[in-house]
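Beneath this line is the structure, given in structure tokens, with notes to follow.
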Amino acid sequence: MRENGFRAIGGLAQKLTSGIAREGGKAGRGASLMRLKADWPAVVGPELARMTRPDALLAGRGARAGKALRLKVSGAAALEVQHRSSQIVERVNAYFGHRVIDDVRLVQGVISAPPRAPTVQRPDPAVEQDMARRTADVKDPDLRAALARLGARIATGRRGFLLGGLGALAAMGLGDRAQAQRQFLEPLPGDHVLGKPDAPNVLIDYASFTCPHCATFNAAVMPVLKRDWIDTGKLRLVHRHYPSDAIATRASLLAECAGPDKFFAAVDTIFRTQVQWMTAPDPGAELMTVLAGLGVGEAEAQACLANDRLLDKVIADVQSGQALGVNSTPTLFINEQPYGNPGGIDAIVAILRQVGR
């Protein structure tokens, strides 16, 4: 597990989900590139981050069939960066947890100031000891150690409640765990629900804003679901956050910032403009520009990004997804049954007609 500090809940989601779907194709490469841009100083270190910027992830062609990371580099530093290319390959692959690139290709360009690397705050020794005690009953040694480390980081940032929930869930028997899971299969207090309160069918959607398949769901499935099922009073749709990286976490917090009345409008806006802000030089700043039309100004957005209550909501969504075994996005639950990503609107409508109430 990578320990670069508590990189918001995007880092948490990566640490706690071993089966997150690996990106593929152009959309997947775009999401991976966005993550690299956001976390570049933490991936390669401040020295290399001052000289380089991720520019593109390239599919292999011809004799050089391996996948490559194209790096923008200032001319004076090109030779040094070339000598350290194997180190960059190793660090990038370690960051993703699997082999993403085989080579680095350099292009000259102007390097602007790098994004500020997250500050790692050392947990208090007493907090570390307390977390070790609280996870002592977790049988799996790797899980126990990971929960203790992560819990100490979170508690230092006033997020200690999460470890208690996850540690308790891990230590439960199968019967108790199933009972705990059932509570998450219905709308919860604080959930964002689209549809009439008495609609008989419930669809819960776990989504990440940097997930290209989630954007496809929003564009191709949601309009038909809304027209034929939600607006007609037959379906309630519950959106839950399951961010897969730091920028997705930022997007979740900014969607929350729009407020309950504009939340689903913010979700739609973020997904419709996904390519725009994900490929921007500064995706986080571009997100704020995208949401300005919904009344989320820069000052308000910055306040929301630092709002513990909003982050706790995102954490709670991830926690519920973990309890239900979510390991990719989008993941749908329809009338308490898991369906993963069934595909297009025809497949989802077929399920609703089969299990509908």
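Each chain in the structure tokens gets a letter, A, B and so on, in the order shown; residues start at 1 in every chain, and ligands are counted from 1 in the order they appear.
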Point to revise | Residue neighbourhood A:Glu298, 10 Å, only C-alpha atoms, exclusion window fewer than 5 positions, as an MDAnalysis selection string | key: chainID A and resid 285 288:289 291:292 303:304
Practice item. Find the residues around A:Ile88 up to 12 Å (only C-alpha atoms counted), leave out those fewer than 3 positions away in its own chain, and share them as number ranges by chain. Key: A: 36, 40-45, 47-49, 52-54, 68-71, 80-85, 91-95, 100-106
Grab the residues selected above and save them as a CSV table (one decimal), in the first residue's frame with N, CA and C atoms.
```
chain,number,residue,atom,x,y,z
A,36,LEU,N,-2.1,11.2,-12.4
A,36,LEU,CA,-0.6,11.5,-12.4
A,36,LEU,C,-0.4,13.0,-12.2
A,40,TRP,N,1.6,14.3,-9.0
A,40,TRP,CA,3.0,14.1,-9.6
A,40,TRP,C,4.1,14.4,-8.6
A,41,PRO,N,4.1,15.4,-7.8
A,41,PRO,CA,5.2,15.6,-6.8
A,41,PRO,C,5.3,14.4,-5.8
A,42,ALA,N,4.1,13.9,-5.4
A,42,ALA,CA,4.2,12.7,-4.5
A,42,ALA,C,4.6,11.5,-5.2
A,43,VAL,N,4.4,11.3,-6.5
A,43,VAL,CA,4.8,10.1,-7.3
A,43,VAL,C,6.3,10.1,-7.5
A,44,VAL,N,6.9,11.2,-8.0
A,44,VAL,CA,8.3,11.2,-8.4
A,44,VAL,C,9.2,12.0,-7.5
A,45,GLY,N,8.6,12.7,-6.5
A,45,GLY,CA,9.4,13.5,-5.6
A,45,GLY,C,9.5,14.9,-6.1
A,47,GLU,N,12.0,17.0,-6.6
A,47,GLU,CA,13.1,17.4,-7.5
A,47,GLU,C,12.7,17.1,-8.9
A,48,LEU,N,12.2,15.9,-9.2
A,48,LEU,CA,11.8,15.6,-10.6
A,48,LEU,C,10.5,16.3,-11.0
A,49,ALA,N,9.7,16.6,-10.0
A,49,ALA,CA,8.4,17.3,-10.3
A,49,ALA,C,8.7,18.7,-10.7
A,52,THR,N,9.7,18.3,-14.6
A,52,THR,CA,8.9,17.5,-15.5
A,52,THR,C,7.4,17.7,-15.3
A,53,ARG,N,6.6,17.3,-16.3
A,53,ARG,CA,5.2,17.3,-16.2
A,53,ARG,C,4.6,16.1,-17.0
A,54,PRO,N,3.7,15.3,-16.5
A,54,PRO,CA,3.1,14.2,-17.4
A,54,PRO,C,2.3,14.9,-18.5
A,68,ALA,N,4.0,3.9,-22.9
A,68,ALA,CA,4.9,4.9,-22.5
A,68,ALA,C,4.2,6.1,-21.9
A,69,LEU,N,5.0,6.8,-21.1
A,69,LEU,CA,4.5,8.1,-20.5
A,69,LEU,C,5.3,9.2,-21.2
A,70,ARG,N,4.6,10.1,-21.9
A,70,ARG,CA,5.3,11.2,-22.5
A,70,ARG,C,5.4,12.3,-21.4
A,71,LEU,N,6.7,12.7,-21.2
A,71,LEU,CA,6.9,13.7,-20.2
A,71,LEU,C,7.4,15.0,-20.8
A,80,GLU,N,19.4,14.8,-17.7
A,80,GLU,CA,19.3,14.3,-16.4
A,80,GLU,C,18.0,13.4,-16.2
A,81,VAL,N,16.9,13.9,-16.8
A,81,VAL,CA,15.7,13.2,-16.7
A,81,VAL,C,15.8,11.9,-17.5
A,82,GLN,N,16.4,11.9,-18.6
A,82,GLN,CA,16.6,10.7,-19.4
A,82,GLN,C,17.4,9.6,-18.6
A,83,HIS,N,18.4,10.1,-17.9
A,83,HIS,CA,19.2,9.1,-17.1
A,83,HIS,C,18.3,8.5,-16.0
A,84,ARG,N,17.3,9.2,-15.6
A,84,ARG,CA,16.5,8.8,-14.4
A,84,ARG,C,15.2,8.2,-14.9
A,85,SER,N,15.1,7.8,-16.2
A,85,SER,CA,13.8,7.4,-16.7
A,85,SER,C,13.4,6.1,-16.1
A,91,ARG,N,8.5,4.3,-10.3
A,91,ARG,CA,7.7,5.0,-9.4
A,91,ARG,C,6.2,5.1,-9.9
A,92,VAL,N,6.1,5.3,-11.2
A,92,VAL,CA,4.7,5.4,-11.7
A,92,VAL,C,4.0,4.1,-11.6
A,93,ASN,N,4.6,3.0,-11.9
A,93,ASN,CA,4.0,1.7,-11.8
A,93,ASN,C,3.7,1.4,-10.3
A,94,ALA,N,4.6,1.8,-9.4
A,94,ALA,CA,4.3,1.6,-8.0
A,94,ALA,C,3.1,2.4,-7.5
A,95,TYR,N,3.0,3.6,-8.1
A,95,TYR,CA,1.8,4.5,-7.7
A,95,TYR,C,0.5,3.8,-8.1
A,100,VAL,N,1.8,0.1,-15.7
A,100,VAL,CA,1.0,1.0,-16.5
A,100,VAL,C,1.9,1.4,-17.7
A,101,ILE,N,3.2,1.6,-17.4
A,101,ILE,CA,4.1,2.1,-18.5
A,101,ILE,C,5.4,1.2,-18.5
A,102,ASP,N,6.0,1.2,-19.7
A,102,ASP,CA,7.3,0.5,-19.9
A,102,ASP,C,8.4,1.4,-20.2
A,103,ASP,N,8.1,2.7,-20.6
A,103,ASP,CA,9.1,3.6,-21.1
A,103,ASP,C,8.7,5.0,-20.8
A,104,VAL,N,9.6,5.9,-20.9
A,104,VAL,CA,9.4,7.4,-20.8
A,104,VAL,C,9.9,8.0,-22.0
A,105,ARG,N,9.1,8.9,-22.6
A,105,ARG,CA,9.5,9.6,-23.8
A,105,ARG,C,9.4,11.1,-23.5
A,106,LEU,N,10.5,11.8,-23.8
A,106,LEU,CA,10.6,13.2,-23.4
A,106,LEU,C,10.2,14.2,-24.6
```
Please identify all polymer residues within 9 Å of A:Ile111, counting only C-alpha atoms, omitting same-chain residues fewer than 6 positions from it, and present them as a PDB file with N, CA and C atoms, in the first residue's frame.
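Full text of around-v6.pdb as output:
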```pdb
ATOM      1  N   ARG A  50       9.815  19.319 -10.233  1.00  0.00           N
ATOM      2  CA  ARG A  50      10.156  20.684 -10.664  1.00  0.00           C
ATOM      3  C   ARG A  50      10.590  20.729 -12.125  1.00  0.00           C
ATOM      4  N   MET A  51      11.086  19.604 -12.645  1.00  0.00           N
ATOM      5  CA  MET A  51      11.652  19.597 -13.993  1.00  0.00           C
ATOM      6  C   MET A  51      10.733  18.993 -15.039  1.00  0.00           C
ATOM      7  N   THR A  52       9.687  18.276 -14.606  1.00  0.00           N
ATOM      8  CA  THR A  52       8.887  17.490 -15.547  1.00  0.00           C
ATOM      9  C   THR A  52       7.403  17.664 -15.289  1.00  0.00           C
ATOM     10  N   ARG A  53       6.599  17.340 -16.307  1.00  0.00           N
ATOM     11  CA  ARG A  53       5.153  17.267 -16.187  1.00  0.00           C
ATOM     12  C   ARG A  53       4.638  16.105 -17.037  1.00  0.00           C
ATOM     13  N   LYS A  72       6.766  16.127 -20.411  1.00  0.00           N
ATOM     14  CA  LYS A  72       7.252  17.444 -20.823  1.00  0.00           C
ATOM     15  C   LYS A  72       8.411  17.799 -19.893  1.00  0.00           C
ATOM     16  N   VAL A  73       9.519  18.267 -20.463  1.00  0.00           N
ATOM     17  CA  VAL A  73      10.706  18.568 -19.668  1.00  0.00           C
ATOM     18  C   VAL A  73      11.380  19.813 -20.228  1.00  0.00           C
ATOM     19  N   SER A  74      11.945  20.622 -19.337  1.00  0.00           N
ATOM     20  CA  SER A  74      12.690  21.787 -19.803  1.00  0.00           C
ATOM     21  C   SER A  74      13.974  21.310 -20.470  1.00  0.00           C
TER      22      SER A  74
END
```
Practice item. Might you pull out every residue within 8 Å of A:Pro260, with only C-alpha atoms counted and same-chain residues fewer than 3 positions away left off, and present them as a VMD selection string? Key: chain A and resid 192 256 263
Review point. Using only C-alpha atoms, which residue out of A:Ala258, A:Ala220, A:Ile315, A:Ile345 lies closest to A:Gly297?
Key: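 Nearest candidate to A:Gly297 out of A:Ala258, A:Ala220, A:Ile315, A:Ile345: A:Ala258.
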Practice item. Excluding A:Asp268 and any residue of its chain fewer than 6 positions from it, enumerate the residues within 9 Å of it, using only C-alpha atoms, and give them as a VMD selection string. Key: chain A and resid 215 218 to 219
Exercise for review: Excluding A:Ser208 and residues on its chain fewer than 2 positions from it, collect all residues at most 9 Å away from it, counting only C-alpha atoms, and give them as a PyMOL selection string.
Suggested key: chain A and resi 206+210-212+214-215+240-245+248-249+251-252+329-330
**Study point:** Nearest candidate to A:Asp55 (options A:Thr216, A:Gln319, A:Thr279, A:Gln183; using only C-alpha atoms)
**Key:**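 When distances to A:Asp55 are compared using only C-alpha atoms, the smallest one comes from A:Thr279.
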Revision key, fill the gap. re atom CA of A:Leu310 and atom CA of A:Asp191: distance 12.1 Å
